$ cat data.json   # JSON, C-alpha atoms
[["chain", "number", "residue", "atom", "x", "y", "z"],
["J", 1, "MET", "CA", 0.00, 0.00, 0.00],
["J", 2, "VAL", "CA", 1.30, 3.45, -0.99],
["J", 3, "ILE", "CA", -0.41, 6.61, 0.23],
["J", 4, "ILE", "CA", -0.25, 9.87, -1.74],
["J", 5, "GLN", "CA", -1.93, 13.23, -1.25],
["J", 6, "SER", "CA", -5.11, 14.37, -2.95],
["J", 7, "VAL", "CA", -6.83, 17.68, -2.23],
["J", 8, "LEU", "CA", -9.18, 15.80, 0.13],
["J", 9, "GLY", "CA", -6.32, 14.16, 1.97],
["J", 10, "PRO", "CA", -4.40, 10.88, 1.79],
["J", 11, "VAL", "CA", -5.45, 8.32, -0.81],
["J", 12, "ASP", "CA", -4.19, 4.79, -1.45],
["J", 13, "THR", "CA", -2.73, 4.47, -4.95],
["J", 14, "GLU", "CA", -4.85, 1.35, -5.44],
["J", 15, "GLU", "CA", -7.86, 3.68, -5.41],
["J", 16, "LEU", "CA", -6.64, 5.99, -8.20],
["J", 17, "GLY", "CA", -8.20, 3.95, -11.01],
["J", 18, "PHE", "CA", -8.68, 5.53, -14.43],
["J", 19, "THR", "CA", -6.40, 8.58, -14.35],
["J", 20, "LEU", "CA", -5.93, 11.67, -16.50],
["J", 21, "MET", "CA", -2.35, 12.71, -15.77],
["J", 22, "HIS", "CA", -2.12, 16.24, -17.20],
["J", 23, "GLU", "CA", -5.17, 18.48, -16.87],
["J", 24, "HIS", "CA", -6.22, 21.86, -15.45],
["J", 25, "VAL", "CA", -9.38, 22.79, -13.60],
["J", 26, "LEU", "CA", -8.58, 26.33, -14.70],
["J", 27, "SER", "CA", -5.66, 28.39, -15.97],
["J", 28, "SER", "CA", -5.23, 32.05, -15.21],
["J", 29, "SER", "CA", -2.66, 34.26, -13.49],
["J", 30, "ALA", "CA", -1.28, 34.22, -9.96],
["J", 31, "GLY", "CA", -3.50, 36.13, -7.55],
["J", 32, "VAL", "CA", -6.16, 37.25, -10.03],
["J", 33, "TRP", "CA", -8.95, 35.69, -7.97],
["J", 34, "TYR", "CA", -7.97, 37.76, -4.94],
["J", 35, "THR", "CA", -7.00, 40.99, -6.69],
["J", 36, "TYR", "CA", -9.90, 41.25, -9.16],
["J", 37, "PRO", "CA", -12.79, 39.27, -7.68],
["J", 38, "GLU", "CA", -15.25, 41.02, -10.00],
["J", 39, "LEU", "CA", -13.95, 38.78, -12.77],
["J", 40, "VAL", "CA", -15.21, 35.71, -10.97],
["J", 41, "ASN", "CA", -18.68, 34.33, -10.47],
["J", 42, "ARG", "CA", -17.51, 31.86, -7.86],
["J", 43, "ARG", "CA", -20.72, 29.90, -7.60],
["J", 44, "TRP", "CA", -21.02, 29.46, -11.36],
["J", 45, "LEU", "CA", -17.38, 28.50, -11.67],
["J", 46, "THR", "CA", -17.61, 25.80, -9.01],
["J", 47, "GLU", "CA", -20.87, 24.39, -10.35],
["J", 48, "SER", "CA", -19.48, 24.29, -13.91],
["J", 49, "VAL", "CA", -16.33, 22.44, -12.91],
["J", 50, "ILE", "CA", -18.26, 19.94, -10.80],
["J", 51, "ALA", "CA", -20.64, 19.29, -13.71],
["J", 52, "ASP", "CA", -17.74, 18.57, -16.06],
["J", 53, "LEU", "CA", -16.07, 16.22, -13.59],
["J", 54, "ARG", "CA", -19.31, 14.37, -12.84],
["J", 55, "GLU", "CA", -19.87, 13.88, -16.56],
["J", 56, "ALA", "CA", -16.37, 12.44, -16.90],
["J", 57, "ALA", "CA", -16.80, 10.29, -13.79],
["J", 58, "ALA", "CA", -19.94, 8.77, -15.28],
["J", 59, "GLU", "CA", -17.76, 7.57, -18.17],
["J", 60, "GLY", "CA", -14.99, 6.15, -15.99],
["J", 61, "LEU", "CA", -12.78, 8.98, -14.70],
["J", 62, "GLN", "CA", -11.57, 8.41, -11.15],
["J", 63, "THR", "CA", -8.48, 10.63, -10.78],
["J", 64, "PHE", "CA", -7.73, 14.06, -12.26],
["J", 65, "VAL", "CA", -4.15, 15.30, -11.91],
["J", 66, "ASP", "CA", -4.22, 19.11, -11.92],
["J", 67, "VAL", "CA", -0.75, 20.31, -12.91],
["J", 68, "THR", "CA", -1.50, 23.99, -12.30],
["J", 69, "PRO", "CA", 1.17, 25.68, -10.16],
["J", 70, "PHE", "CA", 0.53, 28.98, -8.39],
["J", 71, "ASP", "CA", 1.77, 31.15, -11.28],
["J", 72, "LEU", "CA", -0.71, 29.55, -13.68],
["J", 73, "GLY", "CA", -3.58, 30.57, -11.42],
["J", 74, "ARG", "CA", -3.91, 27.55, -9.14],
["J", 75, "ASP", "CA", -7.01, 27.93, -6.95],
["J", 76, "ILE", "CA", -6.60, 25.36, -4.22],
["J", 77, "GLN", "CA", -10.00, 25.94, -2.61],
["J", 78, "LEU", "CA", -11.72, 25.45, -5.96],
["J", 79, "LEU", "CA", -9.87, 22.15, -6.39],
["J", 80, "GLN", "CA", -11.05, 20.96, -2.99],
["J", 81, "ASP", "CA", -14.65, 22.04, -3.70],
["J", 82, "ALA", "CA", -14.54, 20.32, -7.09],
["J", 83, "ALA", "CA", -13.32, 17.06, -5.59],
["J", 84, "GLU", "CA", -15.95, 17.11, -2.86],
["J", 85, "GLY", "CA", -18.73, 17.89, -5.33],
["J", 86, "SER", "CA", -17.75, 15.41, -8.02],
["J", 87, "GLY", "CA", -16.32, 12.40, -6.18],
["J", 88, "VAL", "CA", -13.21, 12.52, -8.41],
["J", 89, "HIS", "CA", -9.78, 12.35, -6.79],
["J", 90, "ILE", "CA", -7.91, 15.57, -7.63],
["J", 91, "ILE", "CA", -4.15, 15.83, -7.14],
["J", 92, "ALA", "CA", -2.76, 19.37, -6.89],
["J", 93, "ALA", "CA", 0.66, 20.63, -7.96],
["J", 94, "THR", "CA", 3.43, 22.68, -6.52],
["J", 95, "GLY", "CA", 6.17, 24.09, -8.75],
["J", 96, "THR", "CA", 6.23, 26.74, -11.47],
["J", 97, "HIS", "CA", 5.18, 27.21, -15.07],
["J", 98, "ARG", "CA", 7.00, 28.62, -18.10],
["J", 99, "ASN", "CA", 7.53, 32.27, -17.17],
["J", 100, "VAL", "CA", 9.59, 32.02, -14.01],
["J", 101, "PRO", "CA", 8.42, 34.64, -11.48],
["J", 102, "ARG", "CA", 10.85, 37.51, -10.90],
["J", 103, "ALA", "CA", 10.76, 36.83, -7.19],
["J", 104, "PHE", "CA", 12.32, 33.44, -7.88],
["J", 105, "LEU", "CA", 15.24, 34.97, -9.79],
["J", 106, "ASP", "CA", 16.28, 37.92, -7.64],
["J", 107, "GLY", "CA", 18.72, 36.68, -5.03],
["J", 108, "THR", "CA", 17.15, 33.29, -4.48],
["J", 109, "THR", "CA", 18.88, 29.91, -4.57],
["J", 110, "VAL", "CA", 17.92, 26.48, -5.77],
["J", 111, "ASP", "CA", 17.61, 25.24, -2.21],
["J", 112, "LEU", "CA", 15.41, 28.14, -1.14],
["J", 113, "ILE", "CA", 12.98, 27.50, -3.99],
["J", 114, "ALA", "CA", 13.01, 23.79, -3.22],
["J", 115, "GLU", "CA", 12.01, 24.60, 0.35],
["J", 116, "LEU", "CA", 8.96, 26.48, -0.92],
["J", 117, "TYR", "CA", 7.85, 23.43, -2.88],
["J", 118, "ILE", "CA", 8.57, 21.16, 0.08],
["J", 119, "ARG", "CA", 6.38, 23.30, 2.34],
["J", 120, "GLU", "CA", 3.44, 22.94, -0.06],
["J", 121, "ILE", "CA", 3.98, 19.17, -0.11],
["J", 122, "GLN", "CA", 4.50, 18.60, 3.60],
["J", 123, "GLU", "CA", 2.50, 21.38, 5.29],
["J", 124, "GLY", "CA", -0.02, 22.53, 2.71],
["J", 125, "ILE", "CA", -0.79, 25.29, 0.24],
["J", 126, "GLU", "CA", -1.58, 28.87, 1.25],
["J", 127, "GLY", "CA", -2.35, 27.95, 4.84],
["J", 128, "THR", "CA", -5.16, 25.54, 3.88],
["J", 129, "GLY", "CA", -3.47, 22.32, 4.90],
["J", 130, "ILE", "CA", -4.25, 20.97, 1.41],
["J", 131, "LYS", "CA", -1.05, 19.27, 0.25],
["J", 132, "ALA", "CA", 0.48, 19.06, -3.21],
["J", 133, "GLY", "CA", 0.89, 15.57, -4.64],
["J", 134, "ILE", "CA", 2.99, 16.35, -7.72],
["J", 135, "ILE", "CA", 5.74, 18.82, -8.73],
["J", 136, "LYS", "CA", 5.33, 20.75, -11.99],
["J", 137, "VAL", "CA", 8.12, 22.35, -14.04],
["J", 138, "ALA", "CA", 8.02, 23.83, -17.54],
["J", 139, "ASN", "CA", 10.37, 24.54, -20.42],
["J", 140, "ASP", "CA", 9.20, 25.39, -23.92],
["J", 141, "GLN", "CA", 10.66, 26.55, -27.25],
["J", 142, "GLU", "CA", 13.43, 28.42, -25.47],
["J", 143, "GLY", "CA", 14.75, 25.08, -24.26],
["J", 144, "VAL", "CA", 16.23, 24.80, -20.80],
["J", 145, "ASP", "CA", 17.61, 28.29, -20.24],
["J", 146, "ALA", "CA", 19.24, 29.40, -16.97],
["J", 147, "PRO", "CA", 15.96, 30.25, -15.15],
["J", 148, "GLY", "CA", 14.43, 27.01, -16.38],
["J", 149, "ALA", "CA", 17.39, 24.99, -15.15],
["J", 150, "LEU", "CA", 17.05, 26.64, -11.74],
["J", 151, "MET", "CA", 13.44, 25.46, -11.50],
["J", 152, "LEU", "CA", 14.31, 21.94, -12.62],
["J", 153, "ARG", "CA", 17.01, 21.65, -9.97],
["J", 154, "ALA", "CA", 14.66, 22.97, -7.30],
["J", 155, "ALA", "CA", 12.02, 20.45, -8.37],
["J", 156, "ALA", "CA", 14.58, 17.67, -8.23],
["J", 157, "ARG", "CA", 15.68, 18.56, -4.71],
["J", 158, "ALA", "CA", 12.08, 18.85, -3.51],
["J", 159, "HIS", "CA", 11.38, 15.43, -5.01],
["J", 160, "LEU", "CA", 14.41, 13.85, -3.36],
["J", 161, "ARG", "CA", 13.30, 15.20, 0.02],
["J", 162, "THR", "CA", 9.63, 14.23, -0.27],
["J", 163, "GLY", "CA", 9.30, 11.41, -2.81],
["J", 164, "VAL", "CA", 6.63, 13.36, -4.72],
["J", 165, "PRO", "CA", 7.07, 12.80, -8.50],
["J", 166, "ILE", "CA", 7.84, 15.38, -11.18],
["J", 167, "SER", "CA", 5.70, 16.31, -14.20],
["J", 168, "THR", "CA", 6.99, 18.57, -16.97],
["J", 169, "HIS", "CA", 5.66, 20.82, -19.66],
["J", 170, "SER", "CA", 8.07, 20.32, -22.55],
["J", 171, "TYR", "CA", 8.49, 21.22, -26.22],
["J", 172, "ALA", "CA", 8.69, 17.93, -28.08],
["J", 173, "PRO", "CA", 9.55, 19.36, -31.54],
["J", 174, "GLY", "CA", 12.72, 20.75, -29.96],
["J", 175, "ARG", "CA", 13.45, 17.53, -28.00],
["J", 176, "VAL", "CA", 13.38, 19.57, -24.79],
["J", 177, "GLY", "CA", 12.50, 16.54, -22.70],
["J", 178, "GLU", "CA", 16.05, 15.24, -23.18],
["J", 179, "ALA", "CA", 17.54, 18.35, -21.57],
["J", 180, "GLN", "CA", 14.97, 18.28, -18.78],
["J", 181, "LEU", "CA", 15.69, 14.67, -17.94],
["J", 182, "ALA", "CA", 19.46, 15.23, -18.09],
["J", 183, "ILE", "CA", 19.32, 17.96, -15.43],
["J", 184, "LEU", "CA", 16.98, 15.97, -13.22],
["J", 185, "GLN", "CA", 19.30, 12.98, -13.45],
["J", 186, "GLU", "CA", 22.30, 15.19, -12.62],
["J", 187, "GLU", "CA", 20.46, 16.01, -9.39],
["J", 188, "GLY", "CA", 19.97, 12.33, -8.62],
["J", 189, "VAL", "CA", 16.36, 11.82, -9.72],
["J", 190, "TYR", "CA", 15.43, 8.31, -10.85],
["J", 191, "PRO", "CA", 13.87, 8.60, -14.35],
["J", 192, "GLY", "CA", 10.90, 6.47, -13.32],
["J", 193, "ARG", "CA", 9.69, 9.36, -11.14],
["J", 194, "VAL", "CA", 9.62, 11.74, -14.12],
["J", 195, "TYR", "CA", 6.74, 12.36, -16.53],
["J", 196, "ILE", "CA", 7.76, 14.30, -19.66],
["J", 197, "GLY", "CA", 4.70, 16.15, -20.90],
["J", 198, "HIS", "CA", 3.33, 16.94, -24.36],
["J", 199, "CYS", "CA", 5.23, 14.13, -26.08],
["J", 200, "ASN", "CA", 2.55, 13.62, -28.72],
["J", 201, "ASP", "CA", 3.35, 17.03, -30.21],
["J", 202, "THR", "CA", 5.90, 15.19, -32.36],
["J", 203, "GLU", "CA", 6.15, 12.13, -34.58],
["J", 204, "ASP", "CA", 9.90, 11.82, -33.93],
["J", 205, "MET", "CA", 10.01, 8.22, -32.76],
["J", 206, "ASP", "CA", 13.78, 8.35, -32.26],
["J", 207, "TYR", "CA", 13.26, 11.07, -29.65],
["J", 208, "LEU", "CA", 10.32, 9.35, -27.97],
["J", 209, "THR", "CA", 11.80, 5.86, -27.83],
["J", 210, "GLY", "CA", 15.08, 7.37, -26.64],
["J", 211, "LEU", "CA", 13.32, 8.91, -23.66],
["J", 212, "CYS", "CA", 11.61, 5.61, -22.94],
["J", 213, "ARG", "CA", 14.94, 3.77, -22.97],
["J", 214, "LYS", "CA", 16.19, 6.21, -20.35],
["J", 215, "GLY", "CA", 13.35, 5.08, -18.13],
["J", 216, "CYS", "CA", 10.93, 8.02, -17.81],
["J", 217, "TYR", "CA", 7.21, 8.17, -18.53],
["J", 218, "LEU", "CA", 5.82, 9.92, -21.60],
["J", 219, "GLY", "CA", 2.76, 12.13, -21.43],
["J", 220, "MET", "CA", 0.75, 11.69, -24.62],
["J", 221, "ASP", "CA", -1.39, 14.48, -23.25],
["J", 222, "ARG", "CA", -2.43, 16.76, -26.06],
["J", 223, "PHE", "CA", -5.80, 15.40, -27.23],
["J", 224, "PRO", "CA", -7.42, 16.38, -29.47],
["J", 225, "GLY", "CA", -4.35, 18.62, -29.87],
["J", 226, "GLY", "CA", -3.68, 21.23, -32.51],
["J", 227, "GLY", "CA", -0.98, 22.69, -34.67],
["J", 228, "ALA", "CA", 0.71, 20.40, -37.17],
["J", 229, "LEU", "CA", -0.69, 17.14, -35.79],
["J", 230, "GLY", "CA", -4.34, 16.15, -35.76],
["J", 231, "TRP", "CA", -5.72, 13.76, -33.19],
["J", 232, "GLU", "CA", -5.55, 10.77, -35.54],
["J", 233, "GLN", "CA", -1.83, 11.38, -36.07],
["J", 234, "ARG", "CA", -1.38, 11.62, -32.34],
["J", 235, "VAL", "CA", -3.10, 8.26, -31.91],
["J", 236, "GLN", "CA", -0.69, 6.81, -34.45],
["J", 237, "VAL", "CA", 2.20, 8.03, -32.31],
["J", 238, "VAL", "CA", 0.73, 6.21, -29.30],
["J", 239, "LYS", "CA", 0.28, 3.05, -31.37],
["J", 240, "GLY", "CA", 3.88, 3.30, -32.55],
["J", 241, "LEU", "CA", 5.13, 3.39, -28.96],
["J", 242, "ILE", "CA", 2.91, 0.45, -28.03],
["J", 243, "ASP", "CA", 4.26, -1.55, -30.98],
["J", 244, "ALA", "CA", 7.80, -0.64, -29.94],
["J", 245, "GLY", "CA", 7.20, -2.21, -26.54],
["J", 246, "PHE", "CA", 6.83, 0.93, -24.43],
["J", 247, "ALA", "CA", 3.14, 0.83, -23.50],
["J", 248, "SER", "CA", 4.01, 0.65, -19.80],
["J", 249, "GLN", "CA", 5.67, 4.10, -20.03],
["J", 250, "VAL", "CA", 2.84, 5.83, -21.91],
["J", 251, "MET", "CA", 0.02, 7.78, -20.27],
["J", 252, "LEU", "CA", -2.82, 9.61, -22.03],
["J", 253, "SER", "CA", -4.42, 12.92, -21.15],
["J", 254, "HIS", "CA", -5.80, 16.12, -22.73],
["J", 255, "ASP", "CA", -4.08, 19.18, -21.20],
["J", 256, "ARG", "CA", -7.51, 20.79, -21.08],
["J", 257, "ARG", "CA", -8.73, 23.53, -18.81],
["J", 258, "LEU", "CA", -12.25, 23.20, -17.51],
["J", 259, "CYS", "CA", -12.48, 27.00, -17.20],
["J", 260, "GLY", "CA", -10.47, 29.89, -18.53],
["J", 261, "PRO", "CA", -8.90, 33.03, -17.05],
["J", 262, "ASN", "CA", -12.27, 34.38, -15.98],
["J", 263, "THR", "CA", -15.86, 33.21, -16.07],
["J", 264, "ARG", "CA", -16.43, 34.93, -19.41],
["J", 265, "MET", "CA", -14.03, 32.42, -21.00],
["J", 266, "GLY", "CA", -15.28, 29.28, -19.39],
["J", 267, "ARG", "CA", -17.15, 26.15, -20.24],
["J", 268, "MET", "CA", -18.81, 27.31, -23.44],
["J", 269, "GLU", "CA", -15.49, 28.33, -24.97],
["J", 270, "ARG", "CA", -14.02, 24.91, -24.29],
["J", 271, "ARG", "CA", -17.08, 23.08, -25.48],
["J", 272, "GLY", "CA", -16.93, 25.01, -28.73],
["J", 273, "ASN", "CA", -13.61, 23.60, -29.91],
["J", 274, "ASN", "CA", -13.95, 20.19, -28.27],
["J", 275, "PRO", "CA", -17.52, 19.13, -27.49],
["J", 276, "ASP", "CA", -16.26, 16.00, -25.74],
["J", 277, "GLY", "CA", -14.09, 17.93, -23.28],
["J", 278, "ILE", "CA", -12.17, 15.63, -20.96],
["J", 279, "ASN", "CA", -14.15, 12.67, -22.31],
["J", 280, "PHE", "CA", -12.37, 12.93, -25.68],
["J", 281, "ILE", "CA", -9.95, 10.12, -24.85],
["J", 282, "VAL", "CA", -12.74, 7.82, -23.68],
["J", 283, "ARG", "CA", -15.03, 8.63, -26.60],
["J", 284, "LYS", "CA", -12.56, 8.97, -29.48],
["J", 285, "VAL", "CA", -8.98, 7.92, -28.68],
["J", 286, "LEU", "CA", -9.53, 4.61, -26.91],
["J", 287, "PRO", "CA", -12.11, 3.36, -29.45],
["J", 288, "ARG", "CA", -9.66, 4.23, -32.24],
["J", 289, "LEU", "CA", -6.86, 2.33, -30.50],
["J", 290, "ARG", "CA", -9.17, -0.67, -30.13],
["J", 291, "GLU", "CA", -9.89, -0.52, -33.87],
["J", 292, "MET", "CA", -6.12, -0.59, -34.43],
["J", 293, "GLY", "CA", -5.82, -3.80, -32.45],
["J", 294, "VAL", "CA", -4.75, -2.47, -29.05],
["J", 295, "SER", "CA", -5.93, -4.79, -26.30],
["J", 296, "GLU", "CA", -8.01, -3.90, -23.25],
["J", 297, "GLU", "CA", -5.07, -5.01, -21.13],
["J", 298, "THR", "CA", -2.82, -2.41, -22.79],
["J", 299, "ILE", "CA", -5.44, 0.33, -22.42],
["J", 300, "HIS", "CA", -5.78, -0.55, -18.73],
["J", 301, "LEU", "CA", -2.00, -0.42, -18.43],
["J", 302, "MET", "CA", -1.80, 3.13, -19.84],
["J", 303, "MET", "CA", -4.83, 4.57, -18.07],
["J", 304, "VAL", "CA", -4.70, 2.79, -14.69],
["J", 305, "GLU", "CA", -1.55, 0.80, -13.98],
["J", 306, "SER", "CA", 1.12, 3.20, -15.27],
["J", 307, "PRO", "CA", -0.22, 6.25, -13.38],
["J", 308, "ARG", "CA", -0.37, 4.16, -10.22],
["J", 309, "ARG", "CA", 3.18, 2.89, -10.66],
["J", 310, "TYR", "CA", 4.44, 6.40, -11.40],
["J", 311, "PHE", "CA", 3.05, 7.70, -8.12],
["J", 312, "GLU", "CA", 4.32, 4.66, -6.27],
["J", 313, "GLY", "CA", 7.85, 5.06, -7.63],
["J", 314, "ARG", "CA", 7.99, 1.77, -9.50]]

$ encode --input "data.json" --output "structure tokens"
Amino acid sequence: MVIIQSVLGPVDTEELGFTLMHEHVLSSSAGVWYTYPELVNRRWLTESVIADLREAAAEGLQTFVDVTPFDLGRDIQLLQDAAEGSGVHIIAATGTHRNVPRAFLDGTTVDLIAELYIREIQEGIEGTGIKAGIIKVANDQEGVDAPGALMLRAAARAHLRTGVPISTHSYAPGRVGEAQLAILQEEGVYPGRVYIGHCNDTEDMDYLTGLCRKGCYLGMDRFPGGGALGWEQRVQVVKGLIDAGFASQVMLSHDRRLCGPNTRMGRMERRGNNPDGINFIVRKVLPRLREMGVSEETIHLMMVESPRRYFEGR
């Protein structure tokens, strides 16, 4: 038995079940909810999120990993309310997103930043007692620049102190996951505790299988996606990894936000470009994989077993 932290408290990893590994209840900016409350219809926002999660739960969702750090607008009380109202396990994140806050760059050290993450893991977030269960870091087209490397090292040291795993936002067309993993390994992180995000933004199988051989997990977490690759192409990438023998290191998700920066950019906006929302994988991706000959055992492995093993440190 391995116990991890959800926003409602400790949960046994055996209870995680069908898991979406890279999602967002909302994305916004740090502090906007407190500074400009007129942007927020709190009741509507909470009800909307709960409705979306209940809809997904009715089709099998059991755990929703919210990789929204404070600077992407994390609202920890909303996450708790959403979990209570929907019955879905929600795991909250500590860490930072792409644009490293100035306060983290002016006279701070790697160890000081790591201590901030550790406090949110061990004591709780913003005085609520709600503990983070995953560490988020992000590097994009710029690659791993000096500020980004600082955050990666802080994440690594927080992980080594707490055992909480690391999830990244990466830029697959630039093979950024390789640089991320290299720094984390320099700090002593075991690759099996690392999830490299947005890996289905590329069809470069050399890059993807190379990461798998190093031992990390791949987030095929941009469904239905956008840009150069349509969702069918992204499914083909997943199938290619399965055929190459790496199904146990693949996890599927959407990278969707249930609500936007304010309540004027909420549920209807998301429903407009993806009517299936966070049920897209269940309704479109998994049926397509079955048509391609992927077994139920393999689907269970990617959606249930691999997330559990990742959190357990296997």

$ closest_residue --input "data.json" --among "J:Arg234, J:Arg102, J:His22, J:His159" --to "Val67 of chain J" --atoms "all atoms listed in the file"
J:His22

$ atom_distance --input "data.json" --atom1 "atom CA of Arg213 of chain J" --atom2 "atom CA of Gly133 of chain J"
25.9 Å

$ residues_near_point --input "data.json" --point "(-5.0, 13.3, -11.7)" --cutoff "9 Å" --atoms "only C-alpha atoms" --output "PyMOL selection string"
chain J and resi 6+16+19-23+62-67+88-92+307

$ residues_around --input "data.json" --residues "Leu72 of chain J" --least-positions-apart "4" --cutoff "8 Å" --atoms "only C-alpha atoms" --output "PyMOL selection string"
chain J and resi 27-30+68+96-97

$ residues_near_point --input "data.json" --point "(12.4, 10.8, -30.2)" --cutoff "12 Å" --atoms "all atoms listed in the file" --output "mmCIF file with C-alpha atoms, keeping the file's coordinate frame"
data_model
loop_
_atom_site.group_PDB
_atom_site.id
_atom_site.type_symbol
_atom_site.label_atom_id
_atom_site.label_comp_id
_atom_site.auth_asym_id
_atom_site.auth_seq_id
_atom_site.Cartn_x
_atom_site.Cartn_y
_atom_site.Cartn_z
ATOM 1 C CA TYR J 171 8.490 21.220 -26.220
ATOM 2 C CA ALA J 172 8.690 17.930 -28.080
ATOM 3 C CA PRO J 173 9.550 19.360 -31.540
ATOM 4 C CA GLY J 174 12.720 20.750 -29.960
ATOM 5 C CA ARG J 175 13.450 17.530 -28.000
ATOM 6 C CA VAL J 176 13.380 19.570 -24.790
ATOM 7 C CA GLY J 177 12.500 16.540 -22.700
ATOM 8 C CA GLU J 178 16.050 15.240 -23.180
ATOM 9 C CA CYS J 199 5.230 14.130 -26.080
ATOM 10 C CA ASN J 200 2.550 13.620 -28.720
ATOM 11 C CA ASP J 201 3.350 17.030 -30.210
ATOM 12 C CA THR J 202 5.900 15.190 -32.360
ATOM 13 C CA GLU J 203 6.150 12.130 -34.580
ATOM 14 C CA ASP J 204 9.900 11.820 -33.930
ATOM 15 C CA MET J 205 10.010 8.220 -32.760
ATOM 16 C CA ASP J 206 13.780 8.350 -32.260
ATOM 17 C CA TYR J 207 13.260 11.070 -29.650
ATOM 18 C CA LEU J 208 10.320 9.350 -27.970
ATOM 19 C CA THR J 209 11.800 5.860 -27.830
ATOM 20 C CA GLY J 210 15.080 7.370 -26.640
ATOM 21 C CA LEU J 211 13.320 8.910 -23.660
ATOM 22 C CA CYS J 212 11.610 5.610 -22.940
ATOM 23 C CA ARG J 213 14.940 3.770 -22.970
ATOM 24 C CA LYS J 214 16.190 6.210 -20.350
ATOM 25 C CA LEU J 218 5.820 9.920 -21.600
ATOM 26 C CA VAL J 237 2.200 8.030 -32.310
ATOM 27 C CA GLY J 240 3.880 3.300 -32.550
ATOM 28 C CA LEU J 241 5.130 3.390 -28.960
#

$ decode --input "data.json" --residues "segment 91-105 of chain J" --atoms "N, CA and C atoms" --output "PDB file, in the first residue's frame"
ATOM      1  N   ILE J  91      -5.502  15.663  -7.677  1.00  0.00           N
ATOM      2  CA  ILE J  91      -4.154  15.829  -7.142  1.00  0.00           C
ATOM      3  C   ILE J  91      -3.645  17.195  -7.577  1.00  0.00           C
ATOM      4  N   ALA J  92      -3.207  18.003  -6.620  1.00  0.00           N
ATOM      5  CA  ALA J  92      -2.758  19.367  -6.886  1.00  0.00           C
ATOM      6  C   ALA J  92      -1.243  19.419  -7.024  1.00  0.00           C
ATOM      7  N   ALA J  93      -0.767  20.487  -7.673  1.00  0.00           N
ATOM      8  CA  ALA J  93       0.658  20.632  -7.962  1.00  0.00           C
ATOM      9  C   ALA J  93       1.291  21.792  -7.217  1.00  0.00           C
ATOM     10  N   THR J  94       2.535  21.589  -6.850  1.00  0.00           N
ATOM     11  CA  THR J  94       3.428  22.682  -6.516  1.00  0.00           C
ATOM     12  C   THR J  94       4.356  22.871  -7.710  1.00  0.00           C
ATOM     13  N   GLY J  95       5.254  23.864  -7.646  1.00  0.00           N
ATOM     14  CA  GLY J  95       6.171  24.088  -8.750  1.00  0.00           C
ATOM     15  C   GLY J  95       5.904  25.404  -9.453  1.00  0.00           C
ATOM     16  N   THR J  96       6.398  25.514 -10.681  1.00  0.00           N
ATOM     17  CA  THR J  96       6.231  26.740 -11.472  1.00  0.00           C
ATOM     18  C   THR J  96       6.000  26.397 -12.928  1.00  0.00           C
ATOM     19  N   HIS J  97       5.458  27.397 -13.646  1.00  0.00           N
ATOM     20  CA  HIS J  97       5.182  27.210 -15.071  1.00  0.00           C
ATOM     21  C   HIS J  97       6.280  27.871 -15.899  1.00  0.00           C
ATOM     22  N   ARG J  98       5.981  28.219 -17.132  1.00  0.00           N
ATOM     23  CA  ARG J  98       7.004  28.624 -18.104  1.00  0.00           C
ATOM     24  C   ARG J  98       7.695  29.941 -17.764  1.00  0.00           C
ATOM     25  N   ASN J  99       6.947  30.964 -17.430  1.00  0.00           N
ATOM     26  CA  ASN J  99       7.535  32.271 -17.166  1.00  0.00           C
ATOM     27  C   ASN J  99       7.900  32.364 -15.690  1.00  0.00           C
ATOM     28  N   VAL J 100       9.149  32.102 -15.402  1.00  0.00           N
ATOM     29  CA  VAL J 100       9.595  32.020 -14.014  1.00  0.00           C
ATOM     30  C   VAL J 100       9.376  33.367 -13.319  1.00  0.00           C
ATOM     31  N   PRO J 101       8.683  33.382 -12.182  1.00  0.00           N
ATOM     32  CA  PRO J 101       8.419  34.643 -11.482  1.00  0.00           C
ATOM     33  C   PRO J 101       9.705  35.376 -11.120  1.00  0.00           C
ATOM     34  N   ARG J 102       9.670  36.707 -11.235  1.00  0.00           N
ATOM     35  CA  ARG J 102      10.853  37.508 -10.904  1.00  0.00           C
ATOM     36  C   ARG J 102      11.335  37.252  -9.483  1.00  0.00           C
ATOM     37  N   ALA J 103      10.394  37.045  -8.585  1.00  0.00           N
ATOM     38  CA  ALA J 103      10.759  36.827  -7.188  1.00  0.00           C
ATOM     39  C   ALA J 103      11.607  35.580  -7.005  1.00  0.00           C
ATOM     40  N   PHE J 104      11.525  34.660  -7.965  1.00  0.00           N
ATOM     41  CA  PHE J 104      12.320  33.440  -7.885  1.00  0.00           C
ATOM     42  C   PHE J 104      13.716  33.621  -8.471  1.00  0.00           C
ATOM     43  N   LEU J 105      13.967  34.765  -9.104  1.00  0.00           N
ATOM     44  CA  LEU J 105      15.239  34.974  -9.790  1.00  0.00           C
ATOM     45  C   LEU J 105      16.106  36.040  -9.145  1.00  0.00           C
TER      46      LEU J 105
END
